[in-house]
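A.B. asks: Structure file my_file_10.cif (mmCIF, C-alpha atoms and all ligand atoms) is given on the next line.
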```cif
data_upload
#
loop_
_atom_site.label_atom_id
_atom_site.label_comp_id
_atom_site.auth_asym_id
_atom_site.auth_seq_id
_atom_site.Cartn_x
_atom_site.Cartn_y
_atom_site.Cartn_z
CA MET Q 1104 59.48 -18.44 0.91
CA PHE Q 1105 60.01 -14.89 2.15
CA SER Q 1106 57.26 -13.48 4.32
CA ASN Q 1107 54.51 -11.35 2.83
CA GLU Q 1108 55.80 -8.46 4.93
CA ASN Q 1109 59.29 -8.75 3.45
CA LYS Q 1110 57.92 -9.13 -0.08
CA ALA Q 1111 55.73 -6.05 0.38
CA TYR Q 1112 58.73 -4.03 1.61
CA ALA Q 1113 60.81 -5.21 -1.38
CA ALA Q 1114 57.97 -4.30 -3.77
CA ASP Q 1115 57.87 -0.74 -2.38
CA PHE Q 1116 61.66 -0.50 -2.61
CA LEU Q 1117 61.55 -1.75 -6.22
CA ASP Q 1118 58.93 0.92 -7.05
CA ARG Q 1119 61.29 3.62 -5.73
CA VAL Q 1120 64.17 2.22 -7.79
CA GLU Q 1121 61.98 1.93 -10.91
CA LYS Q 1122 60.88 5.55 -10.54
CA LYS Q 1123 64.51 6.66 -10.33
CA LEU Q 1124 65.60 4.50 -13.27
CA LYS Q 1125 62.81 5.93 -15.43
CA ILE Q 1126 64.49 9.30 -14.86
CA MET Q 1127 68.04 8.03 -15.35
CA ALA Q 1128 67.54 5.78 -18.40
CA PRO Q 1129 66.56 8.43 -21.01
CA GLU Q 1130 69.51 10.58 -19.85
CA ILE Q 1131 72.06 7.76 -19.95
CA GLY Q 1132 70.70 5.76 -22.93
CA ALA Q 1133 72.82 3.05 -24.55
CA ASN Q 1134 76.00 3.94 -22.69
CA PHE Q 1135 78.23 2.57 -19.95
CA PRO Q 1136 77.97 4.52 -16.67
CA THR Q 1137 81.08 4.04 -14.59
CA SER Q 1138 83.24 5.55 -11.91
CA HIS Q 1139 86.94 6.20 -12.34
CA VAL Q 1140 89.17 4.87 -9.63
CA MET Q 1141 92.08 7.26 -10.29
CA THR Q 1142 90.08 10.50 -10.34
CA GLY Q 1143 87.11 9.63 -8.14
CA GLU Q 1144 84.79 10.85 -10.88
CA TRP Q 1145 81.27 9.41 -11.43
CA ASP Q 1146 80.78 9.33 -15.20
CA PRO Q 1147 77.06 8.51 -15.76
CA HIS Q 1148 77.25 8.86 -19.56
CA GLY Q 1149 80.36 6.67 -19.73
CA LYS Q 1150 82.30 9.29 -21.69
CA LYS Q 1151 85.59 7.76 -20.57
CA ALA Q 1152 84.40 4.17 -20.18
CA ASN Q 1153 86.71 1.36 -21.28
CA ILE Q 1154 84.70 -0.82 -23.67
CA SER Q 1155 86.72 -3.89 -22.57
CA GLY Q 1156 86.25 -3.17 -18.86
CA TRP Q 1157 84.48 -5.69 -16.66
CA THR Q 1158 81.63 -3.34 -15.68
CA THR Q 1159 80.21 -2.63 -19.14
CA ALA Q 1160 77.21 -4.99 -18.99
CA PHE Q 1161 75.77 -3.88 -15.67
CA TRP Q 1162 73.80 -1.00 -17.19
CA PRO Q 1163 72.37 -3.08 -20.08
CA GLY Q 1164 71.64 -5.79 -17.49
CA MET Q 1165 69.65 -3.24 -15.49
CA MET Q 1166 67.85 -2.21 -18.66
CA TRP Q 1167 66.84 -5.84 -19.32
CA LEU Q 1168 65.60 -6.24 -15.75
CA MET Q 1169 63.55 -3.05 -16.10
CA TYR Q 1170 62.21 -4.37 -19.41
CA ILE Q 1171 61.11 -7.58 -17.66
CA LYS Q 1172 59.48 -5.51 -14.90
CA THR Q 1173 57.74 -2.90 -17.06
CA GLY Q 1174 57.57 -4.18 -20.66
CA ASP Q 1175 58.68 -0.68 -21.70
CA GLU Q 1176 60.50 -0.87 -25.08
CA MET Q 1177 62.73 2.07 -24.11
CA PHE Q 1178 64.68 -0.18 -21.73
CA LYS Q 1179 65.01 -2.91 -24.38
CA LYS Q 1180 66.33 -0.41 -26.93
CA PHE Q 1181 69.06 0.82 -24.56
CA ALA Q 1182 70.05 -2.75 -23.60
CA GLU Q 1183 70.31 -3.75 -27.28
CA GLY Q 1184 72.30 -0.60 -28.08
CA CYS Q 1185 74.87 -1.39 -25.39
CA GLU Q 1186 75.17 -5.01 -26.52
CA GLU Q 1187 75.93 -3.91 -30.08
CA LYS Q 1188 78.57 -1.46 -28.85
CA LEU Q 1189 80.21 -4.27 -26.88
CA ASP Q 1190 81.17 -5.95 -30.18
CA GLU Q 1191 84.08 -3.50 -30.23
CA ALA Q 1192 85.59 -5.38 -27.27
CA PHE Q 1193 85.55 -8.58 -29.35
CA ASP Q 1194 87.19 -6.66 -32.23
CA ILE Q 1195 89.96 -5.28 -30.00
CA PHE Q 1196 90.27 -8.70 -28.29
CA THR Q 1197 93.47 -7.95 -26.34
CA GLY Q 1198 91.51 -6.01 -23.70
CA ILE Q 1199 89.36 -9.06 -22.92
CA HIS Q 1200 89.94 -11.01 -19.70
CA HIS Q 1201 88.25 -13.56 -17.44
CA ASP Q 1202 85.25 -11.28 -16.81
CA VAL Q 1203 83.55 -12.05 -20.12
CA GLY Q 1204 80.93 -13.83 -18.01
CA PHE Q 1205 79.79 -10.56 -16.44
CA MET Q 1206 79.99 -8.78 -19.80
CA TRP Q 1207 78.03 -11.14 -22.01
CA SER Q 1208 75.73 -12.92 -19.51
CA LEU Q 1209 73.99 -9.70 -18.55
CA SER Q 1210 73.85 -8.45 -22.15
CA ALA Q 1211 73.82 -11.21 -24.79
CA VAL Q 1212 72.56 -14.20 -22.74
CA ALA Q 1213 69.84 -11.94 -21.34
CA ASP Q 1214 68.87 -10.79 -24.84
CA TYR Q 1215 68.86 -14.31 -26.27
CA LYS Q 1216 66.78 -15.69 -23.42
CA LEU Q 1217 64.28 -12.83 -23.62
CA THR Q 1218 64.02 -12.33 -27.40
CA GLY Q 1219 65.61 -15.38 -29.08
CA ASN Q 1220 68.05 -13.10 -30.95
CA GLU Q 1221 70.47 -15.50 -32.70
CA LYS Q 1222 73.19 -12.86 -32.93
CA SER Q 1223 73.12 -12.57 -29.14
CA ARG Q 1224 73.45 -16.35 -28.85
CA ALA Q 1225 76.53 -16.25 -31.10
CA ARG Q 1226 78.05 -13.42 -29.05
CA ALA Q 1227 77.56 -15.30 -25.79
CA LEU Q 1228 78.98 -18.54 -27.22
CA HIS Q 1229 81.97 -16.59 -28.51
CA ALA Q 1230 82.52 -15.11 -25.03
CA ALA Q 1231 82.23 -18.56 -23.41
CA THR Q 1232 84.80 -19.94 -25.85
CA ILE Q 1233 87.21 -17.14 -24.97
CA LEU Q 1234 86.69 -17.86 -21.24
CA ALA Q 1235 87.27 -21.59 -21.76
CA GLY Q 1236 90.52 -20.68 -23.54
CA ARG Q 1237 91.82 -19.11 -20.33
CA PHE Q 1238 91.68 -22.45 -18.49
CA ASN Q 1239 95.01 -23.88 -17.37
CA HIS Q 1240 94.62 -27.66 -17.60
CA LYS Q 1241 97.54 -28.62 -15.37
CA GLY Q 1242 96.96 -25.85 -12.85
CA LYS Q 1243 93.18 -26.49 -12.95
CA TYR Q 1244 92.21 -22.81 -12.79
CA ILE Q 1245 90.92 -20.06 -15.06
CA ARG Q 1246 93.60 -17.45 -15.37
CA ALA Q 1247 92.69 -13.95 -14.11
CA TRP Q 1248 93.68 -10.66 -15.74
CA ASP Q 1249 96.30 -10.44 -18.52
CA HIS Q 1250 98.11 -7.57 -16.80
CA SER Q 1251 98.87 -9.79 -13.78
CA SER Q 1252 100.85 -12.96 -13.31
CA LEU Q 1253 99.72 -15.96 -15.35
CA ARG Q 1254 99.76 -17.79 -12.01
CA TRP Q 1255 96.82 -15.88 -10.57
CA ALA Q 1256 93.20 -16.86 -10.15
CA ILE Q 1257 90.72 -14.61 -8.32
CA ILE Q 1258 87.55 -15.19 -6.33
CA ASP Q 1259 85.53 -12.78 -8.53
CA CYS Q 1260 85.81 -15.29 -11.39
CA MET Q 1261 83.25 -17.56 -9.70
CA MET Q 1262 80.71 -15.14 -11.21
CA ASN Q 1263 81.85 -16.12 -14.72
CA ILE Q 1264 81.09 -19.82 -14.18
CA PRO Q 1265 77.40 -19.51 -15.20
CA LEU Q 1266 78.35 -18.46 -18.74
CA LEU Q 1267 80.28 -21.74 -19.20
CA CYS Q 1268 77.34 -23.72 -17.82
CA TRP Q 1269 74.96 -21.94 -20.21
CA ALA Q 1270 77.25 -22.67 -23.19
CA SER Q 1271 77.38 -26.39 -22.34
CA LYS Q 1272 73.62 -26.62 -22.11
CA GLU Q 1273 73.12 -24.51 -25.24
CA MET Q 1274 75.56 -26.55 -27.35
CA ASP Q 1275 74.87 -29.88 -25.67
CA ASP Q 1276 78.63 -30.14 -25.16
CA PRO Q 1277 80.12 -30.98 -21.73
CA ARG Q 1278 83.50 -29.28 -22.28
CA PHE Q 1279 82.46 -25.91 -20.84
CA ILE Q 1280 80.80 -27.27 -17.70
CA GLN Q 1281 83.81 -29.54 -17.13
CA ILE Q 1282 86.04 -26.45 -17.02
CA ALA Q 1283 83.53 -24.65 -14.80
CA THR Q 1284 83.45 -27.58 -12.36
CA THR Q 1285 87.22 -28.01 -12.23
CA HIS Q 1286 87.78 -24.29 -11.62
CA ALA Q 1287 85.05 -24.15 -8.94
CA ASP Q 1288 86.60 -27.18 -7.17
CA THR Q 1289 90.02 -25.47 -7.22
CA VAL Q 1290 88.52 -22.31 -5.73
CA MET Q 1291 86.55 -24.24 -3.10
CA ASN Q 1292 89.68 -26.12 -2.02
CA ASN Q 1293 92.19 -23.24 -2.11
CA PHE Q 1294 90.45 -19.90 -1.61
CA VAL Q 1295 88.02 -20.62 1.21
CA ARG Q 1296 89.66 -20.52 4.62
CA ALA Q 1297 88.68 -22.69 7.59
CA ASP Q 1298 86.79 -19.81 9.24
CA GLY Q 1299 84.65 -19.13 6.13
CA SER Q 1300 86.57 -16.06 4.96
CA VAL Q 1301 88.14 -16.15 1.48
CA ASN Q 1302 91.30 -15.02 -0.25
CA HIS Q 1303 90.92 -12.58 -3.12
CA ILE Q 1304 93.88 -13.85 -5.15
CA VAL Q 1305 95.59 -17.23 -5.11
CA GLU Q 1306 98.83 -17.85 -6.98
CA PHE Q 1307 99.27 -21.37 -8.38
CA ASP Q 1308 102.09 -23.24 -10.03
CA PRO Q 1309 100.74 -23.36 -13.60
CA GLU Q 1310 102.44 -26.72 -14.24
CA THR Q 1311 101.27 -28.58 -11.11
CA GLY Q 1312 98.38 -26.60 -9.61
CA GLU Q 1313 100.25 -26.30 -6.30
CA MET Q 1314 99.06 -23.30 -4.27
CA LEU Q 1315 102.04 -20.96 -3.94
CA ALA Q 1316 100.87 -17.72 -2.32
CA THR Q 1317 97.91 -15.47 -1.51
CA PRO Q 1318 98.93 -12.01 -2.74
CA ARG Q 1319 97.08 -8.90 -1.58
CA GLY Q 1320 94.16 -7.99 -3.81
CA GLN Q 1321 91.58 -5.27 -3.30
CA GLY Q 1322 91.47 -5.76 0.46
CA TYR Q 1323 93.69 -4.37 3.21
CA ALA Q 1324 96.43 -7.01 3.18
CA PRO Q 1325 97.17 -10.66 2.36
CA GLY Q 1326 95.13 -12.65 4.89
CA SER Q 1327 92.56 -9.90 5.36
CA SER Q 1328 88.95 -10.19 4.23
CA TRP Q 1329 87.80 -7.93 1.37
CA SER Q 1330 84.03 -7.92 1.76
CA ARG Q 1331 83.19 -7.82 -1.97
CA GLY Q 1332 85.43 -10.87 -2.40
CA GLN Q 1333 83.38 -12.65 0.28
CA ALA Q 1334 80.25 -11.51 -1.60
CA TRP Q 1335 81.51 -12.92 -4.93
CA ALA Q 1336 82.15 -16.24 -3.14
CA ILE Q 1337 78.67 -16.38 -1.59
CA TYR Q 1338 76.80 -15.56 -4.77
CA GLY Q 1339 79.29 -17.35 -7.05
CA PHE Q 1340 79.11 -20.65 -5.14
CA VAL Q 1341 75.34 -20.69 -4.89
CA LEU Q 1342 75.17 -20.00 -8.65
CA ALA Q 1343 77.65 -22.84 -9.22
CA TYR Q 1344 75.39 -25.10 -7.14
CA LEU Q 1345 72.29 -24.09 -9.08
CA ASN Q 1346 74.01 -24.59 -12.45
CA ILE Q 1347 76.16 -27.66 -11.71
CA GLY Q 1348 74.27 -29.32 -8.87
CA LYS Q 1349 77.18 -30.19 -6.53
CA LYS Q 1350 75.94 -29.95 -2.94
CA GLU Q 1351 79.44 -28.94 -1.72
CA TYR Q 1352 79.05 -25.65 -3.59
CA LEU Q 1353 75.88 -24.82 -1.64
CA ASP Q 1354 77.65 -25.78 1.60
CA THR Q 1355 80.55 -23.50 0.65
CA ALA Q 1356 78.19 -20.60 -0.11
CA LYS Q 1357 76.55 -21.15 3.31
CA LYS Q 1358 79.90 -21.28 5.10
CA VAL Q 1359 81.06 -17.96 3.60
CA ALA Q 1360 77.60 -16.47 4.22
CA HIS Q 1361 77.80 -17.38 7.94
CA TYR Q 1362 81.15 -15.61 8.17
CA PHE Q 1363 79.76 -12.56 6.32
CA ILE Q 1364 76.63 -12.37 8.51
CA ALA Q 1365 78.76 -12.63 11.67
CA ASN Q 1366 80.73 -9.59 10.50
CA LEU Q 1367 77.71 -7.33 9.90
CA GLU Q 1368 76.90 -4.53 12.30
CA PRO Q 1369 73.13 -3.96 12.64
CA GLY Q 1370 71.93 -1.01 10.56
CA LYS Q 1371 75.27 -0.49 8.82
CA LEU Q 1372 76.76 -1.33 5.45
CA PRO Q 1373 79.43 -4.04 5.38
CA LEU Q 1374 82.93 -2.77 5.96
CA LEU Q 1375 85.10 -2.74 2.84
CA ASP Q 1376 87.38 -5.21 4.62
CA PHE Q 1377 86.24 -7.22 7.64
CA ARG Q 1378 89.79 -7.70 8.86
CA ALA Q 1379 91.39 -4.26 8.71
CA PRO Q 1380 92.34 -1.64 11.33
CA ALA Q 1381 89.35 -0.01 13.11
CA GLU Q 1382 90.27 3.35 11.54
CA PRO Q 1383 89.77 4.62 8.89
CA VAL Q 1384 86.27 3.24 8.39
CA PHE Q 1385 85.46 2.29 4.79
CA TYR Q 1386 82.14 0.75 3.72
CA ASP Q 1387 81.08 -0.99 0.52
CA SER Q 1388 77.41 -0.99 -0.47
CA SER Q 1389 78.15 -3.20 -3.49
CA ALA Q 1390 79.22 -6.03 -1.15
CA ALA Q 1391 75.78 -5.71 0.44
CA SER Q 1392 73.83 -5.88 -2.82
CA ILE Q 1393 75.84 -8.84 -4.22
CA THR Q 1394 75.50 -10.71 -0.92
CA ALA Q 1395 71.75 -10.01 -0.80
CA CYS Q 1396 71.41 -11.80 -4.17
CA GLY Q 1397 73.41 -14.76 -2.86
CA LEU Q 1398 71.46 -14.97 0.41
CA ILE Q 1399 68.12 -14.93 -1.42
CA GLU Q 1400 69.25 -17.85 -3.59
CA ILE Q 1401 70.58 -19.75 -0.56
CA ALA Q 1402 67.26 -19.19 1.24
CA LYS Q 1403 65.45 -20.66 -1.78
CA ALA Q 1404 67.83 -23.65 -1.96
CA VAL Q 1405 67.81 -24.78 1.70
CA GLY Q 1406 64.97 -26.31 3.71
CA GLU Q 1407 62.22 -24.28 5.38
CA TYR Q 1408 63.83 -24.49 8.85
CA GLU Q 1409 67.10 -23.02 7.61
CA ALA Q 1410 65.79 -20.42 5.18
CA PRO Q 1411 64.93 -17.72 7.79
CA ILE Q 1412 68.64 -17.25 8.67
CA TYR Q 1413 69.34 -16.14 5.10
CA GLU Q 1414 66.05 -14.30 4.60
CA ARG Q 1415 66.67 -12.22 7.75
CA ALA Q 1416 70.20 -11.32 6.69
CA ALA Q 1417 69.13 -10.47 3.12
CA MET Q 1418 66.39 -8.17 4.44
CA GLN Q 1419 68.82 -6.54 6.88
CA LEU Q 1420 71.09 -5.71 3.94
CA LEU Q 1421 68.21 -4.47 1.77
CA HIS Q 1422 67.04 -2.06 4.47
CA VAL Q 1423 70.53 -0.55 4.73
CA LEU Q 1424 70.80 -0.40 0.93
CA ASP Q 1425 67.50 1.51 0.78
CA GLU Q 1426 68.98 4.11 3.16
CA ASN Q 1427 71.97 4.43 0.84
CA CYS Q 1428 69.96 5.04 -2.34
CA ASN Q 1429 69.86 8.47 -3.88
CA TYR Q 1430 66.25 9.14 -4.89
CA LYS Q 1431 66.82 12.80 -5.87
CA GLU Q 1432 65.23 13.42 -9.26
CA ASP Q 1433 67.97 15.76 -10.49
CA GLU Q 1434 70.97 13.47 -9.81
CA LEU Q 1435 71.97 10.64 -12.17
CA ARG Q 1436 73.09 8.18 -9.50
CA LEU Q 1437 71.31 5.52 -7.51
CA LEU Q 1438 73.30 3.52 -4.94
CA GLU Q 1439 75.85 5.52 -2.96
CA ASN Q 1440 78.81 4.32 -0.87
CA ALA Q 1441 80.23 1.57 -3.02
CA SER Q 1442 84.00 1.28 -2.89
CA SER Q 1443 86.59 -0.03 -5.30
CA ALA Q 1444 89.50 -1.23 -3.20
CA TYR Q 1445 91.04 -0.59 0.23
CA HIS Q 1446 94.15 1.09 -1.19
CA SER Q 1447 92.31 3.19 -3.82
CA PRO Q 1448 91.41 6.33 -1.87
CA ASN Q 1449 89.69 7.97 -4.86
CA GLY Q 1450 87.41 4.98 -5.42
CA MET Q 1451 85.69 5.17 -2.03
CA HIS Q 1452 82.06 5.78 -1.10
CA MET Q 1453 80.67 6.57 -4.51
CA PRO Q 1454 78.39 4.94 -7.09
CA TRP Q 1455 79.79 1.81 -8.76
CA ILE Q 1456 77.37 0.45 -11.34
CA PHE Q 1457 77.74 -3.18 -10.23
CA GLY Q 1458 76.33 -2.20 -6.83
CA ASP Q 1459 73.24 -0.77 -8.57
CA TYR Q 1460 72.89 -3.85 -10.80
CA TYR Q 1461 72.91 -6.38 -7.96
CA LEU Q 1462 70.55 -4.24 -5.88
CA LEU Q 1463 68.05 -4.30 -8.74
CA GLU Q 1464 68.65 -8.03 -9.29
CA ALA Q 1465 67.98 -8.77 -5.60
CA LEU Q 1466 64.73 -6.79 -5.70
CA MET Q 1467 63.70 -8.50 -8.93
CA LYS Q 1468 64.31 -11.91 -7.34
CA LEU Q 1469 61.86 -10.97 -4.58
CA HIS Q 1470 59.47 -9.70 -7.26
CA GLY Q 1471 59.49 -13.25 -8.68
CA ASP Q 1472 62.09 -13.10 -11.46
CA ASP Q 1473 63.94 -16.40 -11.80
CA GLY Q 1474 67.45 -14.97 -12.26
CA ARG Q 1475 67.53 -16.32 -15.81
CA PHE Q 1476 70.67 -14.39 -16.90
CA THR Q 1477 72.91 -16.57 -14.69
CA ILE Q 1478 70.77 -19.53 -13.59
CA HIS Q 1479 70.40 -22.09 -16.37
CA GLN Q 1480 68.34 -25.03 -15.14
N1 LIG Q 1501 85.82 -7.80 -10.11
C1 LIG Q 1501 86.47 -6.67 -9.59
C2 LIG Q 1501 85.83 -6.10 -8.39
O1 LIG Q 1501 85.00 -6.69 -7.76
O2 LIG Q 1501 86.17 -4.98 -8.06
#
```
In structure tokens, what does this structure look like?

C.D. replies:
Amino acid sequence: MFSNENKAYAADFLDRVEKKLKIMAPEIGANFPTSHVMTGEWDPHGKKANISGWTTAFWPGMMWLMYIKTGDEMFKKFAEGCEEKLDEAFDIFTGIHHDVGFMWSLSAVADYKLTGNEKSRARALHAATILAGRFNHKGKYIRAWDHSSLRWAIIDCMMNIPLLCWASKEMDDPRFIQIATTHADTVMNNFVRADGSVNHIVEFDPETGEMLATPRGQGYAPGSSWSRGQAWAIYGFVLAYLNIGKKEYLDTAKKVAHYFIANLEPGKLPLLDFRAPAEPVFYDSSAASITACGLIEIAKAVGEYEAPIYERAAMQLLHVLDENCNYKEDELRLLENASSAYHSPNGMHMPWIFGDYYLLEALMKLHGDDGRFTIHQ
């Protein structure tokens, strides 16, 4: 699995990232680095971060990964500090949404699995219970944001499925994985198009589950192909396969991956939307790092004669990501050229912490980490 040459390249890349994070971590500490889509500001200390926002656990997740890599207690301390601060989001409650899987898998599940902290276990079970409460039984989908229509589900939510699978295994209670499976089936049958591209948003009749519309999301237009949405589908479906075991989920991840790979230009980042006008040109490095994680897991899951397709594509993305990293010692930013959404001009080509997180996760997978925050076998 993965050639020695590719593993050696990834090890060098990981060393560069580790060196940079050893500079960034003491400066940032137990905070929530984020960008701001309205102002275009990169806020490394998270001075204006929204504690209920979906990106809050990516920095503590990076700190846990660095703790696994180095054993340095500094990283553990910052991860634990962020996790404690996240309790405020539970207290506020009304800011919480479907993305509790991102928020508490990469903080509390990670902590519990690494240290056995019972308080972390309780936090993660609480988050899973909130997520299960968003399930619409007749519509057969997990409702997306509260600020949007109650009829909406979104492709990103595939990444929250692992938290439900973890909760079922942890409590020896099938309810959570039943919800995860029903939602994943709905997404597989309604979001993934015949050509392997995916919708960002699907609107359902909440009483019957009938698919009503595919509103525009963060891509160019309804019917276009927002690359981070494709990335969430690739990684989300392979994680669903690894946690639930349904072969159709692996086949779906492969189908979307083939579409994604066909849309890559050699030596370039993925476009922000694969089906948008040729000008202006917008890229999204975060779509590359999320997809690299998914491709590595697909390569591990398929047979030896198939794996090179996914290994090659993952390495192609990692090489471009390396070129887009900022290794300057006096700048508190790592991965450049991530983008928020096609119609958010101030959120373009800047650091977005989820891009950094999945880059580090991809490199850690090639370093031998088992992806334990979201793979529960
Ligand atoms: N989950 C929101 C995004 O990918 O931007």

A.B. asks: Figure out the distance between CA of Arg1246 in chain Q and CA of Ser1392 in chain Q, please, to one decimal in Å.

C.D. replies: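 CA of Arg1246 in chain Q lies 26.1 Å from CA of Ser1392 in chain Q.
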
A.B. asks: Using all atoms listed in the file, determine which residues fall within 8 Å of ligand LIG 1501 (chain Q), then list them as a list of chain:residue names.

C.D. replies: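 Counting all atoms listed in the file, the residues within 8 Å of ligand LIG 1501 (chain Q) come out as Q:Trp1157, Q:Asp1202, Q:Asp1259, Q:Cys1260, Q:Gln1321, Q:Arg1331, Q:Gly1332, Q:Trp1335, Q:Ser1443, Q:Ala1444.
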
A.B. asks: Work out how far CA of His1286 in chain Q is from CA of Ala1336 in chain Q, in Å to one decimal.

C.D. replies: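 Distance reported for this atom pair: 13.0 Å.
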
A.B. asks: Just the number, please: distance in Å from CA of Ile1304 in chain Q to CA of Met1453 in chain Q, one decimal.

C.D. replies: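 Atom-to-atom, CA of Ile1304 in chain Q to CA of Met1453 in chain Q, that is 24.3 Å.
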
A.B. asks: Kindly indicate which residue among Q:His1303, Q:Ile1257, Q:Lys1241, Q:Leu1266 lies nearest to Ala1227 in chain Q, using all atoms listed in the file for the distances.

C.D. replies: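 Distance minimum relative to Ala1227 in chain Q lands on Q:Leu1266.
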
A.B. asks: Just checking: using only C-alpha atoms, which residue out of Q:Ala1343, Q:Ile1245, Q:Cys1396, Q:Ile1364 ends up closest to Phe1307 in chain Q?

C.D. replies: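 Ranking Q:Ala1343, Q:Ile1245, Q:Cys1396, Q:Ile1364 by distance to Phe1307 in chain Q, first place goes to Q:Ile1245.
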
A.B. asks: At a cut-off of 10 Å from (67.9, 1.2, -0.1) in the coordinates of the file, what residues are picked up using all atoms listed in the file, written as a PDB file with C-alpha atoms, keeping the file's coordinate frame?

C.D. replies:
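Result file result.pdb:
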```
ATOM      1  CA  ALA Q1113      60.810  -5.210  -1.380  1.00  0.00           C
ATOM      2  CA  PHE Q1116      61.660  -0.500  -2.610  1.00  0.00           C
ATOM      3  CA  LEU Q1117      61.550  -1.750  -6.220  1.00  0.00           C
ATOM      4  CA  ARG Q1119      61.290   3.620  -5.730  1.00  0.00           C
ATOM      5  CA  VAL Q1120      64.170   2.220  -7.790  1.00  0.00           C
ATOM      6  CA  SER Q1388      77.410  -0.990  -0.470  1.00  0.00           C
ATOM      7  CA  SER Q1392      73.830  -5.880  -2.820  1.00  0.00           C
ATOM      8  CA  LEU Q1420      71.090  -5.710   3.940  1.00  0.00           C
ATOM      9  CA  LEU Q1421      68.210  -4.470   1.770  1.00  0.00           C
ATOM     10  CA  HIS Q1422      67.040  -2.060   4.470  1.00  0.00           C
ATOM     11  CA  VAL Q1423      70.530  -0.550   4.730  1.00  0.00           C
ATOM     12  CA  LEU Q1424      70.800  -0.400   0.930  1.00  0.00           C
ATOM     13  CA  ASP Q1425      67.500   1.510   0.780  1.00  0.00           C
ATOM     14  CA  GLU Q1426      68.980   4.110   3.160  1.00  0.00           C
ATOM     15  CA  ASN Q1427      71.970   4.430   0.840  1.00  0.00           C
ATOM     16  CA  CYS Q1428      69.960   5.040  -2.340  1.00  0.00           C
ATOM     17  CA  ASN Q1429      69.860   8.470  -3.880  1.00  0.00           C
ATOM     18  CA  TYR Q1430      66.250   9.140  -4.890  1.00  0.00           C
ATOM     19  CA  LEU Q1437      71.310   5.520  -7.510  1.00  0.00           C
ATOM     20  CA  LEU Q1438      73.300   3.520  -4.940  1.00  0.00           C
ATOM     21  CA  GLU Q1439      75.850   5.520  -2.960  1.00  0.00           C
ATOM     22  CA  LEU Q1462      70.550  -4.240  -5.880  1.00  0.00           C
TER      23      LEU Q1462
END
```

A.B. asks: Using all atoms listed in the file, which of Q:Ile1393, Q:Ile1131, Q:Ala1256, Q:Ala1381 sits nearest Met1314 in chain Q?

C.D. replies: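 That would be Q:Ala1256, the residue with the smallest distance to Met1314 in chain Q.
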
A.B. asks: Can you tell me which residues surround range 1209-1224 of chain Q at a distance of at most 8 Å, considering only C-alpha atoms, apart from same-chain residues fewer than 3 positions away, and format the answer as a PDB file with C-alpha atoms, in the frame of the given file?

C.D. replies:
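This went into selection.pdb:
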```pdb
ATOM      1  CA  ALA Q1160      77.210  -4.990 -18.990  1.00  0.00           C
ATOM      2  CA  PHE Q1161      75.770  -3.880 -15.670  1.00  0.00           C
ATOM      3  CA  PRO Q1163      72.370  -3.080 -20.080  1.00  0.00           C
ATOM      4  CA  GLY Q1164      71.640  -5.790 -17.490  1.00  0.00           C
ATOM      5  CA  TRP Q1167      66.840  -5.840 -19.320  1.00  0.00           C
ATOM      6  CA  ALA Q1182      70.050  -2.750 -23.600  1.00  0.00           C
ATOM      7  CA  GLU Q1183      70.310  -3.750 -27.280  1.00  0.00           C
ATOM      8  CA  CYS Q1185      74.870  -1.390 -25.390  1.00  0.00           C
ATOM      9  CA  GLU Q1186      75.170  -5.010 -26.520  1.00  0.00           C
ATOM     10  CA  PHE Q1205      79.790 -10.560 -16.440  1.00  0.00           C
ATOM     11  CA  MET Q1206      79.990  -8.780 -19.800  1.00  0.00           C
ATOM     12  CA  ALA Q1227      77.560 -15.300 -25.790  1.00  0.00           C
ATOM     13  CA  LEU Q1228      78.980 -18.540 -27.220  1.00  0.00           C
ATOM     14  CA  ARG Q1475      67.530 -16.320 -15.810  1.00  0.00           C
ATOM     15  CA  PHE Q1476      70.670 -14.390 -16.900  1.00  0.00           C
ATOM     16  CA  THR Q1477      72.910 -16.570 -14.690  1.00  0.00           C
TER      17      THR Q1477
END
```

A.B. asks: Pick out the residues sitting within 12 Å of Pro1136 in chain Q, and hand them over as a ChimeraX atom specification; count all atoms listed in the file, and ignore anything fewer than 4 positions along from it in its own chain.

C.D. replies: /Q:1127-1128,1130-1132,1144-1154,1156,1158-1163,1165,1185,1435-1437,1454-1457,1459-1460

A.B. asks: What lies within 10 Å of Glu1351 in chain Q using only C-alpha atoms, ignoring chain neighbours under 4 positions off, as a VMD selection string?

C.D. replies: chain Q and resid 1288 1291 1340 to 1341 1343 to 1344 1355 to 1357

A.B. asks: What lies within 9 Å of range 1196-1198 of chain Q using all atoms listed in the file, ignoring chain neighbours under 3 positions off, as a ChimeraX atom specification?

C.D. replies: /Q:1154-1156,1191-1193,1249

A.B. asks: Which residue is closest to Leu1375 in chain Q? Choose from Q:Ala1416, Q:Met1166, Q:Ala1441, Q:Leu1315 and count only C-alpha atoms.

C.D. replies: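 Smallest distance to Leu1375 in chain Q is found for Q:Ala1441.
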
A.B. asks: With all atoms listed in the file as the atoms that count, which of Q:Gly1471, Q:Pro1318, Q:Gly1339, Q:Pro1325 lies nearest to Lys1172 in chain Q?

C.D. replies: Q:Gly1471

A.B. asks: May I ask which of the residues Q:Thr1394, Q:Ala1287, Q:Lys1371, Q:His1361 is the closest one to Gly1348 in chain Q, counting all atoms listed in the file?

C.D. replies: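 Once distances to Gly1348 in chain Q are computed over all atoms listed in the file, the minimum belongs to Q:Ala1287.
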